[in-house]
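The structure appears right after this line, and notes come after that.
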Amino acid sequence: DTLRSNPCHNCPVGCSQIRIAKSGDYRGTLTEGPEFETSWSFGGTTGVTDASAIYLADKLCDEYGLDTISVGNTIALAMELYERGDLSPKDVDGLDLHFGNHKAMIELIHRIARREGFGDVLADGAVKASERIGRGSERLVMHVKGLELPGYDVRAAKAQGLNYQTAFTGGDHNRGYAFQEIFGIPVPVQTDRFDPEGKAELTKWNQVMEMALCDCPTICSFMISEGLLRDTEEGLAQELSEVRVGTVSELVSAATGIEFSPQDLILLGERVNTLARCFNLREGFTRKDDYLPIRLAEEPIPGGASEGHRTSREEQDQLLDQYYEAYGYDRRGYPTVERLHQLSLAHVIDDLNASGLDLT
């Protein structure tokens, strides 16, 4: 139950909530949360239905300094391997890792944080755990670039999926959140979440706007999107979006003493995203890392409103080609020399070429 809101000063959104578990095995647990992703990662992925256990999992991760999405995903992987018989009770220190066992889930959080026993196997995340476990487990890990996926099934949300594929941090919903698909908001266009058409350009737009209006100015993305969520009428929503770009450019200009037009701010967002892409390329990430987990390509959604949908590798390839073109990259996902000059990033060309990449 919610005790009170705990917003940042004068914030009209107030996303943070102080909650207490009034029932369940962990009754009395007090936490600031759990938010959507935490409820999903410790509930939906693990099969745990005791809300008080999810409250406690959230509290423990906060206190240990652990990411709830990664920890929940990693424990869920261990549970799936246990259910399949790929992990024995001996492998997991005698824990009963069947889906839904909240006591085992809570115990694993402690062991992960302390690197104790099987917890040490899981402590570096799902990808590293699968490398240590083997037995075909790498095909079961839900990640992009080593980052465990959040709680959106992107087989039926193509822009959200393409953002997972290409976000420089890995499978991260916050780099280019596709609110057009998730909430039906018609900005900058009305879109069908099932249809891949136009999703490359939309993904770039979302990523650039997130960087330009939120991450670079250090403004909360909830604040930027709140007005759009309140009114989904196309004309008004589009107008509000344009007002936000103009307002943020004025704020940045006032704070820095450097005049930024709305167009300057948008170009800055693209510049930062491309610089991050160059960093990843230098560190060894290439097009081969811009794909969703194989399960999302091979396993269709089994039921519900999105029944039968999946994201084939062919579709992912087509979207990547279009996405790279939208950003001014070649088919390998390398920024072209021309585009790097246009973005005032010519200084990274020699660095990338020295790393063995041929940008010519």
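We name chains A, B, ... following the order of the structure tokens; residues begin at 1 in each chain, and ligands are numbered from 1 as shown.
Near Glu148 of chain A, within 9 Å and counting only C-alpha atoms, sit A:Ile69, A:Ser70, A:Val71, A:Asn73, A:Thr74, A:Gly125, A:Ala126, A:Val127, A:Val141, A:Met142, A:His143, A:Gly170, A:Gly171, A:Asp172, not including residues fewer than 5 positions from it in the same chain.
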Which residues are close to Glu107 of chain A, i.e. within 12 Å by only C-alpha atoms, leaving aside same-chain residues fewer than 3 positions away? Reply as a PyMOL selection string. chain A and resi 53+56-57+60+75+92-97+101-104+110-119
Neighbour list for Glu325 of chain A as a PyMOL selection string, cut-off 12 Å, only C-alpha atoms, skip fewer than 5 positions in-chain: chain A and resi 200-201+204+318-320+330-336+339
Based on the backbone DSSP call, show me all residues of segment 290-321 of chain A assigned alpha helix (DSSP H), as a ChimeraX atom specification. /A:294-298,313-321
Nearest to Tyr64 of chain A, chosen from A:Pro12, A:Glu35, A:Ser88, A:Ile109, with only C-alpha atoms counted in the distances: A:Ile109
Non-local contacts of Leu265 of chain A (9 Å; only C-alpha atoms; under 6 positions in same chain excluded) as a PDB file with N, CA, C and O atoms, in the first residue's frame:
```pdb
ATOM      1  N   MET A 209      15.830  12.940 -29.530  1.00  0.00           N
ATOM      2  CA  MET A 209      15.066  13.806 -28.633  1.00  0.00           C
ATOM      3  C   MET A 209      15.367  13.501 -27.172  1.00  0.00           C
ATOM      4  O   MET A 209      15.472  14.410 -26.337  1.00  0.00           O
ATOM      5  N   ALA A 212      18.756  15.070 -26.576  1.00  0.00           N
ATOM      6  CA  ALA A 212      18.777  16.527 -26.697  1.00  0.00           C
ATOM      7  C   ALA A 212      17.971  17.220 -25.604  1.00  0.00           C
ATOM      8  O   ALA A 212      18.376  18.286 -25.108  1.00  0.00           O
ATOM      9  N   LEU A 213      16.827  16.650 -25.232  1.00  0.00           N
ATOM     10  CA  LEU A 213      15.916  17.328 -24.307  1.00  0.00           C
ATOM     11  C   LEU A 213      16.048  16.858 -22.868  1.00  0.00           C
ATOM     12  O   LEU A 213      15.601  17.557 -21.956  1.00  0.00           O
ATOM     13  N   VAL A 245      10.711  21.528 -27.155  1.00  0.00           N
ATOM     14  CA  VAL A 245      12.011  21.714 -27.799  1.00  0.00           C
ATOM     15  C   VAL A 245      12.439  23.182 -27.679  1.00  0.00           C
ATOM     16  O   VAL A 245      13.592  23.485 -27.334  1.00  0.00           O
ATOM     17  N   VAL A 248      13.318  24.055 -23.899  1.00  0.00           N
ATOM     18  CA  VAL A 248      14.596  23.498 -23.452  1.00  0.00           C
ATOM     19  C   VAL A 248      15.768  24.223 -24.100  1.00  0.00           C
ATOM     20  O   VAL A 248      16.783  24.491 -23.454  1.00  0.00           O
ATOM     21  N   SER A 249      15.638  24.590 -25.367  1.00  0.00           N
ATOM     22  CA  SER A 249      16.730  25.328 -26.017  1.00  0.00           C
ATOM     23  C   SER A 249      16.949  26.676 -25.331  1.00  0.00           C
ATOM     24  O   SER A 249      18.095  27.119 -25.161  1.00  0.00           O
ATOM     25  N   VAL A 252      18.744  25.930 -21.941  1.00  0.00           N
ATOM     26  CA  VAL A 252      20.161  25.614 -22.137  1.00  0.00           C
ATOM     27  C   VAL A 252      20.940  26.871 -22.503  1.00  0.00           C
ATOM     28  O   VAL A 252      22.061  27.095 -22.021  1.00  0.00           O
TER      29      VAL A 252
END
```
Considering only C-alpha atoms, return as a PyMOL selection string whatever protein or nucleic-acid residues lie within 6 Å of Arg155 of chain A, sequence-local ones (same chain, fewer than 4 positions apart) excluded. chain A and resi 309-311
List the spatial neighbours of Gln17 of chain A as a ChimeraX atom specification - criterion: any atom at most 6 Å away, only C-alpha atoms, same-chain residues fewer than 6 positions off excluded. /A:5-6,32-33
Can those selected residues be exported to a file as a PDB file, in the first residue's frame so that it contains N, CA and C atoms?
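Result went into again.pdb, see below:
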```pdb
ATOM      1  N   SER A   5       3.528   9.994  -1.514  1.00  0.00           N
ATOM      2  CA  SER A   5       4.374  10.284  -2.653  1.00  0.00           C
ATOM      3  C   SER A   5       5.665  10.918  -2.156  1.00  0.00           C
ATOM      4  N   ASN A   6       6.738  10.704  -2.895  1.00  0.00           N
ATOM      5  CA  ASN A   6       8.030  11.267  -2.493  1.00  0.00           C
ATOM      6  C   ASN A   6       8.672  11.964  -3.700  1.00  0.00           C
ATOM      7  N   GLU A  32      10.967   2.400  -1.184  1.00  0.00           N
ATOM      8  CA  GLU A  32      10.623   3.477  -2.113  1.00  0.00           C
ATOM      9  C   GLU A  32      10.460   2.854  -3.494  1.00  0.00           C
ATOM     10  N   GLY A  33       9.290   2.330  -3.734  1.00  0.00           N
ATOM     11  CA  GLY A  33       9.014   1.569  -4.947  1.00  0.00           C
ATOM     12  C   GLY A  33       8.020   0.482  -4.592  1.00  0.00           C
TER      13      GLY A  33
END
```
Residues of segment 1-194 of chain A in strand (DSSP E), written as a PyMOL selection string: chain A and resi 2-5+17-20+30-32+143-144+147-148
Write the residues you've just listed into a file as a compact mmCIF listing (two decimals), in the first residue's frame, and include N, CA and C atoms for each of them.
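Once written, selection-v1.txt looks like this:
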```
# COMPACT_ATOMS: atom_id res chain seq x y z
N THR A 2 0.42 2.29 -0.69
CA THR A 2 1.19 3.53 -0.77
C THR A 2 0.96 4.37 0.47
N LEU A 3 2.04 4.75 1.12
CA LEU A 3 1.96 5.62 2.29
C LEU A 3 1.94 7.09 1.87
N ARG A 4 2.83 7.44 0.94
CA ARG A 4 2.88 8.83 0.48
C ARG A 4 3.72 8.91 -0.79
N SER A 5 3.53 9.99 -1.51
CA SER A 5 4.37 10.28 -2.65
C SER A 5 5.67 10.92 -2.16
N GLN A 17 7.25 6.66 -4.91
CA GLN A 17 6.23 6.38 -3.90
C GLN A 17 6.85 5.61 -2.73
N ILE A 18 6.46 5.94 -1.52
CA ILE A 18 6.86 5.17 -0.34
C ILE A 18 5.75 4.17 -0.05
N ARG A 19 6.09 2.87 -0.08
CA ARG A 19 5.09 1.83 0.09
C ARG A 19 5.50 0.87 1.20
N ILE A 20 4.47 0.25 1.80
CA ILE A 20 4.68 -0.76 2.82
C ILE A 20 3.85 -1.99 2.48
N LEU A 30 9.20 -1.92 4.09
CA LEU A 30 9.02 -0.53 3.64
C LEU A 30 10.04 -0.24 2.55
N THR A 31 9.58 0.30 1.42
CA THR A 31 10.51 0.58 0.32
C THR A 31 10.03 1.77 -0.49
N GLU A 32 10.97 2.40 -1.18
CA GLU A 32 10.62 3.48 -2.11
C GLU A 32 10.46 2.85 -3.49
N HIS A 143 19.16 -10.39 -23.61
CA HIS A 143 20.04 -9.24 -23.48
C HIS A 143 20.37 -8.68 -24.86
N VAL A 144 20.85 -7.44 -24.87
CA VAL A 144 21.52 -6.86 -26.03
C VAL A 144 22.79 -6.19 -25.52
N LEU A 147 23.44 -6.21 -21.73
CA LEU A 147 22.49 -5.60 -20.80
C LEU A 147 21.15 -6.33 -20.88
N GLU A 148 20.69 -6.80 -19.72
CA GLU A 148 19.43 -7.55 -19.66
C GLU A 148 18.25 -6.65 -20.06
```
Taking only C-alpha atoms into account, name the residue in A:Gln316, A:Ala76, A:Ser16, A:Ala129 that is nearest to Glu197 of chain A. A:Gln316
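Straight-line separation from atom CA of Cys61 of chain A to atom CA of Asp124 of chain A: 14.4 Å.
As for atom CA of Val208 of chain A and atom CA of Thr38 of chain A, they are spaced 26.4 Å apart.
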